[in-house]
Amino acid sequence: MRRKNSRVTPHSQLLPAPSATRALAARLAPLLRAGDIVALSGELGAGKTFFARAIIQALGGPEEVPSPTFTLVQTYDLKPVPVWHFDLYRLANPEDAYELDIEDAFSDAISLIEWPERLGALLPDDRLDVDLAFGDTEEARTVTLAGGPSWTERLKALSP
Ligand SMILES: Nc1ncnc2c1ncn2[C@@H]1O[C@H](COP(=O)(O)OP(=O)(O)OP(=O)(O)O)[C@@H](O)[C@H]1O
Ligand SMILES: [Mg+2]
């Protein structure tokens with residue numbers, strides 16, 4: 001039986017080296033459109049910023065993509081759709097995200113969000129979840145992709 005808010009079955013893939021992470025980001029980038037939310041989870045150093053940076057660069061962003069650790073958000077005025085890159089690790093309360101104009105990002109931009117769990121109930125259901133985990137070598141990661149309703153077809157395109 002289909003449940004309300006059902007999410008497409010997640011799938012995992014091995015990313016043996018940073019080049020594989022970059023390649024997955026490059027496949028995802030052209031599928032992104034205004035209003036999309038990409039929630040990047042995983043431990044410190046798992047590769048969330050690396051993945052976000054690769055998306056931004058695949059979309060024509062600059063060589064320099066700093067981690068928004070202290071600013072909490074960096075915006076990229078890319079065409080046709082701007083990209084907002086959030087790192088919410090330091091967000092004390094979900095409501096503080098309003099001060100970052102996160103609602104504008106949700107409506108008009110592509111939002112790449114590190115530490116999305118900091119948003120609590122303010123994190124929209126229809127999003128792409130990208131969960132990065134350490135693998136069994138220094139350079140290996142496992143990524144698990146899951147998506148809300150608007151991701152059903154696009155997730156198929158991202159399967160290995
Ligand atoms: N397969 C891989 N995919 C992505 N990054 C990798 C991989 N192998 C090694 N790395 C390295 O892991 C590091 C990931 O750092 P990154 O800043 O992206 O982590 P993060 O998840 O954003 O951490 P934080 O929670 O501190 O923001 C980078 O130095 C990157 O080069
Ligand atoms: Mg980071």
# chains A, B, ... in the order shown; residues from 1 in each chain; ligands from 1

call {"tool": "residues_near_ligand", "arguments": {"ligand": "ligand 1", "cutoff": "6 Å", "atoms": "only C-alpha atoms and all ligand atoms", "output": "list of chain:residue names"}}
result
A:Leu15, A:Pro16, A:Ala17, A:Pro18, A:Thr21, A:Glu43, A:Leu44, A:Gly45, A:Ala46, A:Gly47, A:Lys48, A:Thr49, A:Phe50, A:Glu139, A:Ala140, A:Arg141

call {"tool": "closest_atom_pairs", "arguments": {"of": "chain A", "to": "ligand 2", "cutoff": "12 Å", "atoms": "only C-alpha atoms and all ligand atoms", "output": "CSV"}}
result
residue,atom,partner,partner_atom_place_in_ligand_line,distance
A:Leu40,CA,ligand 2,1 (Mg),9.1
A:Ser41,CA,ligand 2,1 (Mg),9.5
A:Gly42,CA,ligand 2,1 (Mg),9.5
A:Glu43,CA,ligand 2,1 (Mg),9.3
A:Leu44,CA,ligand 2,1 (Mg),7.1
A:Gly45,CA,ligand 2,1 (Mg),6.9
A:Ala46,CA,ligand 2,1 (Mg),8.2
A:Gly47,CA,ligand 2,1 (Mg),6.8
A:Lys48,CA,ligand 2,1 (Mg),5.2
A:Thr49,CA,ligand 2,1 (Mg),4.0
A:Phe50,CA,ligand 2,1 (Mg),7.3
A:Phe51,CA,ligand 2,1 (Mg),9.1
A:Ala52,CA,ligand 2,1 (Mg),8.5
A:Arg53,CA,ligand 2,1 (Mg),9.6
A:Val65,CA,ligand 2,1 (Mg),11.0
A:Pro66,CA,ligand 2,1 (Mg),9.2
A:Ser67,CA,ligand 2,1 (Mg),5.8
A:Pro68,CA,ligand 2,1 (Mg),7.5
A:Thr69,CA,ligand 2,1 (Mg),6.9
A:Phe70,CA,ligand 2,1 (Mg),10.7
A:Leu72,CA,ligand 2,1 (Mg),10.4
A:Val73,CA,ligand 2,1 (Mg),11.4
A:His85,CA,ligand 2,1 (Mg),10.1
A:Phe86,CA,ligand 2,1 (Mg),9.1
A:Asp87,CA,ligand 2,1 (Mg),6.6
A:Leu88,CA,ligand 2,1 (Mg),9.5
A:Tyr89,CA,ligand 2,1 (Mg),8.8
A:Arg90,CA,ligand 2,1 (Mg),11.5
A:Leu112,CA,ligand 2,1 (Mg),11.0
A:Ile113,CA,ligand 2,1 (Mg),9.5
A:Glu114,CA,ligand 2,1 (Mg),6.4
A:Trp115,CA,ligand 2,1 (Mg),8.4
A:Pro116,CA,ligand 2,1 (Mg),11.6
A:Leu132,CA,ligand 2,1 (Mg),11.4

call {"tool": "write_last_selection", "arguments": {"atoms": "C-alpha atoms", "output": "compact mmCIF listing (two decimals), in the first residue's frame"}}
result
# COMPACT_ATOMS: atom_id res chain seq x y z
CA LEU A 40 23.30 16.71 2.33
CA SER A 41 23.82 14.63 5.45
CA GLY A 42 26.72 12.68 6.86
CA GLU A 43 29.38 13.02 9.52
CA LEU A 44 32.02 15.75 9.71
CA GLY A 45 34.31 15.28 6.72
CA ALA A 46 32.03 12.85 4.91
CA GLY A 47 32.04 15.03 1.79
CA LYS A 48 28.95 17.26 1.95
CA THR A 49 30.83 20.42 0.98
CA PHE A 50 32.81 18.49 -1.64
CA PHE A 51 29.55 17.31 -3.22
CA ALA A 52 27.91 20.76 -3.05
CA ARG A 53 31.02 22.37 -4.53
CA VAL A 65 33.44 27.61 -3.47
CA PRO A 66 34.11 28.20 0.22
CA SER A 67 32.40 26.19 2.92
CA PRO A 68 29.62 28.32 4.46
CA THR A 69 30.65 27.15 7.93
CA PHE A 70 30.67 30.66 9.41
CA LEU A 72 25.81 29.78 7.14
CA VAL A 73 24.90 30.58 3.53
CA HIS A 85 24.58 26.72 -0.36
CA PHE A 86 23.76 26.41 3.34
CA ASP A 87 25.76 24.91 6.21
CA LEU A 88 23.38 24.90 9.16
CA TYR A 89 25.70 23.22 11.66
CA ARG A 90 25.74 26.40 13.76
CA LEU A 112 22.01 22.76 -1.21
CA ILE A 113 21.82 22.22 2.55
CA GLU A 114 24.48 20.73 4.82
CA TRP A 115 23.23 19.67 8.28
CA PRO A 116 19.58 19.82 7.07
CA LEU A 132 27.31 10.36 2.62

call {"tool": "residues_around", "arguments": {"residues": "A:Leu145", "least_positions_apart": "3", "cutoff": "6 Å", "atoms": "only C-alpha atoms", "output": "PyMOL selection string"}}
result
chain A and resi 10-11+129-130

call {"tool": "residues_around", "arguments": {"residues": "A:Trp84", "least_positions_apart": "2", "cutoff": "12 Å", "atoms": "only C-alpha atoms", "output": "JSON, numbers by chain"}}
result
{"A": [34, 35, 36, 37, 38, 52, 53, 55, 56, 61, 65, 67, 68, 71, 72, 73, 74, 75, 76, 77, 78, 81, 82, 86, 87, 100, 101, 102, 103, 104, 105, 106, 107, 108, 109, 110, 111, 112, 113, 114]}

call {"tool": "select_by_dssp", "arguments": {"residues": "chain A", "states": "alpha helix (DSSP H)", "output": "PyMOL selection string"}}
result
chain A and resi 18-28+48-58+102-108+152-157

call {"tool": "residues_around", "arguments": {"residues": "stretch 25-27 of chain A", "least_positions_apart": "2", "cutoff": "6 Å", "atoms": "only C-alpha atoms", "output": "PyMOL selection string"}}
result
chain A and resi 22-23+29+54-55+58

call {"tool": "select_by_dssp", "arguments": {"residues": "chain A", "states": "strand (DSSP E)", "output": "ChimeraX atom specification"}}
result
/A:11-15,37-41,73-76,83-87,110-114,128-134,141-147

call {"tool": "closest_residue", "arguments": {"among": "A:Pro80, A:Pro160, A:Pro30, A:Gly120", "to": "A:Asn93", "atoms": "only C-alpha atoms"}}
result
A:Gly120

call {"tool": "closest_residue", "arguments": {"among": "A:Leu119, A:Ala20, A:Val83, A:Ala146", "to": "A:Gly60", "atoms": "only C-alpha atoms"}}
result
A:Val83
